[in-house]
Amino acid sequence: MTFQLAGNEPEIYEKILVPLWFRRWADALNDVLALRPGESVLDVACGTGVTTRMAREKVAPGGTVIGLDVNASMIAKAKDLAAGQDIEWLEREASDSGLASGTIDVVMSQHGYHYFPDKPAVLAEFQRVLTPGGRMGVSIWDGHSPYTSAVCMAVERHISPEIAAKQRAQRQTPSADVLADQLGKAGFSEVRIVRQELRIDVPAARVFVPLHLGSMPIADAFDALPDDRKAALIEDVEAEMRPYERGDRLVYTDAVHVALGIR
Ligand SMILES: C[S@@+](CC[C@H](N)C(=O)[O-])C[C@H]1O[C@@H](n2cnc3c(N)ncnc32)[C@H](O)[C@@H]1O
């Protein structure tokens, strides 16, 4: 299971999902990581670079920031968006950064950890590149929100169980206990799992669902639906989300776990 975007999907992801979801989660991650001027940061699974650009702001003046992602289109979009900013970009696997040992003050990763096929290898890589006393912070969804549950149900009904499974997998994350165990086994000290909640505010389902699904790995399957099936899918999400309607917006609570540790 992974998260690969192609074509214009990274563009939609950046324009739609970053301001509504990911930039807000990036700021929440920094609330616990507390990046400081002058620090060196590695942002793993950086995607289009929302967290990487946030890190660049926080470690200035000075500091160094590296964004790493396995997906060429994500890295290409990240480079475009950060043109003129002093950020290094690496198109590599999370378990093999190629960086020198003991050179990074902070390793961070937002909504990427659950995709890594070999988590012990990735955590060993984080340990290797961190300076002694360096810190890591990994933020991942705490399961599904009311909105993403509604979308998965509607996708199952109107597209297929296989496509719904692919969409559900985007939020199949390790529990807080499993995360703590994995960090402990990897040798991190002062391990803490912090749960953060945000009140999410997105446009009405008829506007948001096509944009959201248009920036997901299942975009092609949604686009291929005939218009009446698309409309029926959106109506199902609308019905499920009625308790969360506030005027022409959907307002609901979403949550992440941030796994923190010190080398
Ligand atoms: C949901 S996106 C999150 C991107 C970004 N951190 C953000 O918050 O917007 C997940 C990212 O993980 C990357 N990814 C998945 N598996 C990876 C791996 N094994 N190594 C490096 N990056 C990976 C994907 O390419 C994708 O860009």
# chains A, B, ... in the order shown; residues from 1 in each chain; ligands from 1
$ select_by_dssp --residues "stretch 69-170 of chain A" --states "strand (DSSP E)" --output "list in words"
Asp69, Glu88, Trp89, Leu90, Glu91, Ile104, Asp105, Val106, Val107, Met108, Ser109, Gln110, Leu130, Thr131, Pro132, Gly133, Gly134, Arg135, Met136, Gly137, Val138, Ser139, Ile140 and Trp141 of chain A
$ residues_around --residues "A:Leu20" --least-positions-apart "5" --cutoff "10 Å" --atoms "only C-alpha atoms" --output "PyMOL selection string"
chain A and resi 14-15+25+200-203
$ write_last_selection --atoms "C-alpha atoms" --output "short mmCIF file (atom, residue, chain, number, x, y, z; two decimals), in the first residue's frame"
data_model
loop_
_atom_site.label_atom_id
_atom_site.label_comp_id
_atom_site.auth_asym_id
_atom_site.auth_seq_id
_atom_site.Cartn_x
_atom_site.Cartn_y
_atom_site.Cartn_z
CA GLU A 14 -1.38 21.16 -3.26
CA LYS A 15 -4.15 23.62 -4.20
CA TRP A 25 -1.44 19.58 10.43
CA ILE A 200 -11.71 20.74 9.98
CA ASP A 201 -13.74 23.07 7.78
CA VAL A 202 -14.19 22.14 4.10
CA PRO A 203 -16.66 23.14 1.35
#
$ residues_near_ligand --ligand "ligand 1" --cutoff "8 Å" --atoms "only C-alpha atoms and all ligand atoms" --output "count of residues only"
40
$ closest_residue --among "A:Glu9, A:Thr148, A:Ala259, A:Leu123" --to "A:Val178" --atoms "only C-alpha atoms"
A:Ala259
$ residues_around --residues "A:Val59" --least-positions-apart "5" --cutoff "7 Å" --atoms "only C-alpha atoms" --output "ChimeraX atom specification"
/A:35-39
$ closest_residue --among "A:Ala55, A:Val258, A:Val107, A:Ala121" --to "A:Gln85" --atoms "only C-alpha atoms"
A:Ala55
$ atom_distance --atom1 "atom CA of A:Ile12" --atom2 "atom CA of A:Ala83"
18.5 Å
$ residues_around --residues "A:Gly133" --least-positions-apart "5" --cutoff "8 Å" --atoms "only C-alpha atoms" --output "list in words"
Asp105, Ile262 and Arg263 of chain A
$ write_last_selection --atoms "C-alpha atoms" --output "compact mmCIF listing (two decimals), in the first residue's frame"
# COMPACT_ATOMS: atom_id res chain seq x y z
CA ASP A 105 19.00 17.55 14.37
CA ILE A 262 15.08 11.19 21.02
CA ARG A 263 18.15 9.48 19.65
$ closest_residue --among "A:Arg171, A:Arg53, A:Gly98, A:Asp27" --to "A:Gly84" --atoms "only C-alpha atoms"
A:Arg53
$ select_by_dssp --residues "stretch 10-138 of chain A" --states "alpha helix (DSSP H)" --output "PyMOL selection string"
chain A and resi 10-12+23-33+50-59+72-81+119-129
$ write_last_selection --atoms "N, CA and C atoms" --output "compact mmCIF listing (two decimals), in the first residue's frame"
# COMPACT_ATOMS: atom_id res chain seq x y z
N PRO A 10 -0.84 15.87 -8.14
CA PRO A 10 -0.09 16.64 -7.13
C PRO A 10 -0.51 18.11 -7.10
N GLU A 11 -0.87 18.64 -8.27
CA GLU A 11 -1.31 20.05 -8.39
C GLU A 11 -2.61 20.26 -7.57
N ILE A 12 -3.57 19.35 -7.76
CA ILE A 12 -4.85 19.48 -7.03
C ILE A 12 -4.61 19.28 -5.54
N ARG A 23 -1.45 21.86 5.64
CA ARG A 23 -0.69 22.96 6.25
C ARG A 23 -1.09 23.10 7.73
N ARG A 24 -2.36 22.88 8.00
CA ARG A 24 -2.82 22.99 9.39
C ARG A 24 -2.19 21.88 10.25
N TRP A 25 -2.08 20.67 9.68
CA TRP A 25 -1.44 19.58 10.43
C TRP A 25 0.06 19.83 10.55
N ALA A 26 0.67 20.50 9.56
CA ALA A 26 2.11 20.81 9.64
C ALA A 26 2.36 21.75 10.82
N ASP A 27 1.50 22.76 10.98
CA ASP A 27 1.66 23.68 12.10
C ASP A 27 1.44 22.95 13.43
N ALA A 28 0.48 22.01 13.44
CA ALA A 28 0.23 21.24 14.67
C ALA A 28 1.45 20.38 15.01
N LEU A 29 2.08 19.80 13.96
CA LEU A 29 3.28 18.98 14.20
C LEU A 29 4.39 19.84 14.80
N ASN A 30 4.53 21.07 14.27
CA ASN A 30 5.57 21.93 14.82
C ASN A 30 5.26 22.37 16.26
N ASP A 31 3.98 22.38 16.64
CA ASP A 31 3.65 22.71 18.04
C ASP A 31 4.36 21.76 19.00
N VAL A 32 4.53 20.49 18.60
CA VAL A 32 5.22 19.55 19.50
C VAL A 32 6.70 19.39 19.17
N LEU A 33 7.08 19.60 17.90
CA LEU A 33 8.50 19.43 17.54
C LEU A 33 9.32 20.67 17.90
N VAL A 50 4.72 20.71 1.88
CA VAL A 50 4.12 21.67 2.82
C VAL A 50 4.87 21.70 4.15
N THR A 51 5.24 20.53 4.66
CA THR A 51 5.95 20.47 5.93
C THR A 51 7.40 20.96 5.76
N THR A 52 7.97 20.69 4.58
CA THR A 52 9.35 21.10 4.32
C THR A 52 9.46 22.63 4.30
N ARG A 53 8.49 23.27 3.63
CA ARG A 53 8.50 24.74 3.58
C ARG A 53 8.24 25.33 4.97
N MET A 54 7.37 24.68 5.74
CA MET A 54 7.13 25.13 7.12
C MET A 54 8.45 25.05 7.90
N ALA A 55 9.18 23.92 7.74
CA ALA A 55 10.45 23.75 8.46
C ALA A 55 11.45 24.84 8.05
N ARG A 56 11.47 25.16 6.75
CA ARG A 56 12.41 26.19 6.26
C ARG A 56 12.16 27.53 6.97
N GLU A 57 10.88 27.87 7.15
CA GLU A 57 10.55 29.12 7.87
C GLU A 57 11.05 29.05 9.31
N LYS A 58 10.84 27.91 9.96
CA LYS A 58 11.08 27.81 11.40
C LYS A 58 12.57 27.76 11.74
N VAL A 59 13.42 27.20 10.84
CA VAL A 59 14.85 27.09 11.21
C VAL A 59 15.65 28.30 10.76
N ALA A 72 8.57 10.73 -7.79
CA ALA A 72 9.19 11.77 -8.63
C ALA A 72 8.25 12.95 -8.87
N SER A 73 6.94 12.70 -9.11
CA SER A 73 6.04 13.84 -9.38
C SER A 73 5.85 14.72 -8.15
N MET A 74 5.83 14.09 -6.97
CA MET A 74 5.69 14.88 -5.74
C MET A 74 6.92 15.77 -5.56
N ILE A 75 8.11 15.19 -5.74
CA ILE A 75 9.35 15.96 -5.58
C ILE A 75 9.41 17.09 -6.62
N ALA A 76 8.99 16.80 -7.85
CA ALA A 76 9.03 17.83 -8.90
C ALA A 76 8.13 19.00 -8.51
N LYS A 77 6.92 18.68 -8.01
CA LYS A 77 5.99 19.74 -7.60
C LYS A 77 6.55 20.50 -6.39
N ALA A 78 7.16 19.75 -5.46
CA ALA A 78 7.74 20.39 -4.26
C ALA A 78 8.83 21.39 -4.66
N LYS A 79 9.67 20.99 -5.63
CA LYS A 79 10.75 21.88 -6.09
C LYS A 79 10.17 23.16 -6.69
N ASP A 80 9.14 23.01 -7.54
CA ASP A 80 8.49 24.18 -8.16
C ASP A 80 7.97 25.14 -7.11
N LEU A 81 7.26 24.57 -6.12
CA LEU A 81 6.59 25.41 -5.13
C LEU A 81 7.58 26.12 -4.22
N LYS A 119 9.13 -0.65 8.36
CA LYS A 119 9.22 0.43 9.36
C LYS A 119 10.48 0.33 10.22
N PRO A 120 10.90 -0.89 10.66
CA PRO A 120 12.14 -0.96 11.44
C PRO A 120 13.34 -0.41 10.64
N ALA A 121 13.37 -0.68 9.33
CA ALA A 121 14.50 -0.17 8.51
C ALA A 121 14.45 1.36 8.44
N VAL A 122 13.24 1.92 8.35
CA VAL A 122 13.13 3.39 8.28
C VAL A 122 13.54 4.01 9.62
N LEU A 123 13.08 3.40 10.73
CA LEU A 123 13.44 3.96 12.04
C LEU A 123 14.95 3.83 12.29
N ALA A 124 15.54 2.73 11.79
CA ALA A 124 17.00 2.57 11.93
C ALA A 124 17.72 3.67 11.13
N GLU A 125 17.15 4.02 9.97
CA GLU A 125 17.74 5.09 9.16
C GLU A 125 17.62 6.44 9.89
N PHE A 126 16.47 6.67 10.55
CA PHE A 126 16.30 7.91 11.32
C PHE A 126 17.37 7.98 12.42
N GLN A 127 17.56 6.86 13.12
CA GLN A 127 18.58 6.79 14.19
C GLN A 127 19.96 7.10 13.62
N ARG A 128 20.24 6.51 12.47
CA ARG A 128 21.58 6.66 11.87
C ARG A 128 21.88 8.11 11.51
N VAL A 129 20.89 8.81 10.92
CA VAL A 129 21.20 10.16 10.43
C VAL A 129 21.12 11.21 11.54
$ atom_distance --atom1 "atom CA of A:Leu179" --atom2 "atom CA of A:Arg135"
15.5 Å
$ decode --residues "stretch 134-227 of chain A" --atoms "C-alpha atoms" --output "PDB file, in the first residue's frame"
ATOM      1  CA  GLY A 134      18.502  14.644  17.966  1.00  0.00           C
ATOM      2  CA  ARG A 135      14.708  14.292  17.874  1.00  0.00           C
ATOM      3  CA  MET A 136      12.166  12.687  15.593  1.00  0.00           C
ATOM      4  CA  GLY A 137       8.468  13.361  15.146  1.00  0.00           C
ATOM      5  CA  VAL A 138       6.154  11.313  12.965  1.00  0.00           C
ATOM      6  CA  SER A 139       2.541  12.409  12.514  1.00  0.00           C
ATOM      7  CA  ILE A 140      -0.084   9.966  11.196  1.00  0.00           C
ATOM      8  CA  TRP A 141      -3.869   9.848  11.107  1.00  0.00           C
ATOM      9  CA  ASP A 142      -5.671   8.412  14.109  1.00  0.00           C
ATOM     10  CA  GLY A 143      -7.959   6.367  11.854  1.00  0.00           C
ATOM     11  CA  HIS A 144     -10.828   7.801   9.816  1.00  0.00           C
ATOM     12  CA  SER A 145     -12.689  11.091  10.250  1.00  0.00           C
ATOM     13  CA  PRO A 146     -16.490  11.259   9.805  1.00  0.00           C
ATOM     14  CA  TYR A 147     -15.854  12.662   6.308  1.00  0.00           C
ATOM     15  CA  THR A 148     -13.340  10.023   5.165  1.00  0.00           C
ATOM     16  CA  SER A 149     -15.583   7.214   6.536  1.00  0.00           C
ATOM     17  CA  ALA A 150     -18.518   8.628   4.551  1.00  0.00           C
ATOM     18  CA  VAL A 151     -16.398   8.834   1.389  1.00  0.00           C
ATOM     19  CA  CYS A 152     -15.144   5.243   1.723  1.00  0.00           C
ATOM     20  CA  MET A 153     -18.693   3.923   2.197  1.00  0.00           C
ATOM     21  CA  ALA A 154     -19.904   5.821  -0.885  1.00  0.00           C
ATOM     22  CA  VAL A 155     -16.910   4.669  -2.952  1.00  0.00           C
ATOM     23  CA  GLU A 156     -17.629   1.070  -1.971  1.00  0.00           C
ATOM     24  CA  ARG A 157     -21.284   1.425  -3.016  1.00  0.00           C
ATOM     25  CA  HIS A 158     -20.746   3.290  -6.287  1.00  0.00           C
ATOM     26  CA  ILE A 159     -17.270   2.249  -7.521  1.00  0.00           C
ATOM     27  CA  SER A 160     -16.139  -1.083  -6.027  1.00  0.00           C
ATOM     28  CA  PRO A 161     -14.995  -2.771  -2.802  1.00  0.00           C
ATOM     29  CA  GLU A 162     -11.450  -2.979  -4.237  1.00  0.00           C
ATOM     30  CA  ILE A 163     -11.239   0.769  -4.895  1.00  0.00           C
ATOM     31  CA  ALA A 164     -12.818   1.467  -1.486  1.00  0.00           C
ATOM     32  CA  ALA A 165     -10.144  -0.736   0.136  1.00  0.00           C
ATOM     33  CA  LYS A 166      -7.466   1.343  -1.588  1.00  0.00           C
ATOM     34  CA  GLN A 167      -9.043   4.547  -0.281  1.00  0.00           C
ATOM     35  CA  ARG A 168      -9.526   3.139   3.257  1.00  0.00           C
ATOM     36  CA  ALA A 169      -5.860   2.115   3.309  1.00  0.00           C
ATOM     37  CA  GLN A 170      -4.856   5.812   3.268  1.00  0.00           C
ATOM     38  CA  ARG A 171      -5.922   5.899   6.918  1.00  0.00           C
ATOM     39  CA  GLN A 172      -4.916   2.405   8.065  1.00  0.00           C
ATOM     40  CA  THR A 173      -2.312   3.464  10.596  1.00  0.00           C
ATOM     41  CA  PRO A 174      -0.605   1.788  13.554  1.00  0.00           C
ATOM     42  CA  SER A 175      -2.231   2.440  16.954  1.00  0.00           C
ATOM     43  CA  ALA A 176      -0.556   4.610  19.603  1.00  0.00           C
ATOM     44  CA  ASP A 177       0.632   1.474  21.473  1.00  0.00           C
ATOM     45  CA  VAL A 178       2.131  -0.078  18.337  1.00  0.00           C
ATOM     46  CA  LEU A 179       3.871   3.203  17.465  1.00  0.00           C
ATOM     47  CA  ALA A 180       5.377   3.486  20.960  1.00  0.00           C
ATOM     48  CA  ASP A 181       6.562  -0.124  20.754  1.00  0.00           C
ATOM     49  CA  GLN A 182       8.139   0.394  17.313  1.00  0.00           C
ATOM     50  CA  LEU A 183      10.026   3.524  18.445  1.00  0.00           C
ATOM     51  CA  GLY A 184      11.184   1.825  21.653  1.00  0.00           C
ATOM     52  CA  LYS A 185      12.441  -1.242  19.745  1.00  0.00           C
ATOM     53  CA  ALA A 186      14.308   1.076  17.350  1.00  0.00           C
ATOM     54  CA  GLY A 187      16.232   2.476  20.331  1.00  0.00           C
ATOM     55  CA  PHE A 188      14.554   5.894  20.727  1.00  0.00           C
ATOM     56  CA  SER A 189      14.347   7.295  24.255  1.00  0.00           C
ATOM     57  CA  GLU A 190      11.735   9.577  25.856  1.00  0.00           C
ATOM     58  CA  VAL A 191       9.134   8.088  23.510  1.00  0.00           C
ATOM     59  CA  ARG A 192       5.777   9.891  23.654  1.00  0.00           C
ATOM     60  CA  ILE A 193       2.656   9.589  21.536  1.00  0.00           C
ATOM     61  CA  VAL A 194       0.703  12.839  21.442  1.00  0.00           C
ATOM     62  CA  ARG A 195      -2.865  12.880  20.103  1.00  0.00           C
ATOM     63  CA  GLN A 196      -3.838  16.107  18.350  1.00  0.00           C
ATOM     64  CA  GLU A 197      -7.308  17.118  17.170  1.00  0.00           C
ATOM     65  CA  LEU A 198      -8.315  19.833  14.717  1.00  0.00           C
ATOM     66  CA  ARG A 199     -11.729  21.153  13.761  1.00  0.00           C
ATOM     67  CA  ILE A 200     -11.705  20.739   9.981  1.00  0.00           C
ATOM     68  CA  ASP A 201     -13.745  23.066   7.780  1.00  0.00           C
ATOM     69  CA  VAL A 202     -14.190  22.139   4.103  1.00  0.00           C
ATOM     70  CA  PRO A 203     -16.663  23.137   1.345  1.00  0.00           C
ATOM     71  CA  ALA A 204     -19.976  21.290   0.920  1.00  0.00           C
ATOM     72  CA  ALA A 205     -19.783  17.690  -0.344  1.00  0.00           C
ATOM     73  CA  ARG A 206     -20.881  18.548  -3.906  1.00  0.00           C
ATOM     74  CA  VAL A 207     -17.854  20.892  -4.193  1.00  0.00           C
ATOM     75  CA  PHE A 208     -15.309  19.091  -2.040  1.00  0.00           C
ATOM     76  CA  VAL A 209     -15.765  15.403  -2.898  1.00  0.00           C
ATOM     77  CA  PRO A 210     -14.753  15.740  -6.608  1.00  0.00           C
ATOM     78  CA  LEU A 211     -11.736  17.863  -5.633  1.00  0.00           C
ATOM     79  CA  HIS A 212     -10.692  15.518  -2.832  1.00  0.00           C
ATOM     80  CA  LEU A 213     -11.057  12.329  -4.885  1.00  0.00           C
ATOM     81  CA  GLY A 214      -9.421  14.081  -7.861  1.00  0.00           C
ATOM     82  CA  SER A 215      -6.236  14.381  -5.807  1.00  0.00           C
ATOM     83  CA  MET A 216      -6.207  10.802  -4.493  1.00  0.00           C
ATOM     84  CA  PRO A 217      -4.546   7.697  -5.960  1.00  0.00           C
ATOM     85  CA  ILE A 218      -8.095   6.523  -6.882  1.00  0.00           C
ATOM     86  CA  ALA A 219      -8.732   9.660  -9.028  1.00  0.00           C
ATOM     87  CA  ASP A 220      -8.917   7.673 -12.299  1.00  0.00           C
ATOM     88  CA  ALA A 221     -11.609   5.327 -10.943  1.00  0.00           C
ATOM     89  CA  PHE A 222     -13.726   8.286  -9.793  1.00  0.00           C
ATOM     90  CA  ASP A 223     -13.232  10.165 -13.093  1.00  0.00           C
ATOM     91  CA  ALA A 224     -14.280   7.077 -15.078  1.00  0.00           C
ATOM     92  CA  LEU A 225     -17.744   6.954 -13.410  1.00  0.00           C
ATOM     93  CA  PRO A 226     -20.690   8.095 -15.531  1.00  0.00           C
ATOM     94  CA  ASP A 227     -22.120  11.448 -14.368  1.00  0.00           C
TER      95      ASP A 227
END
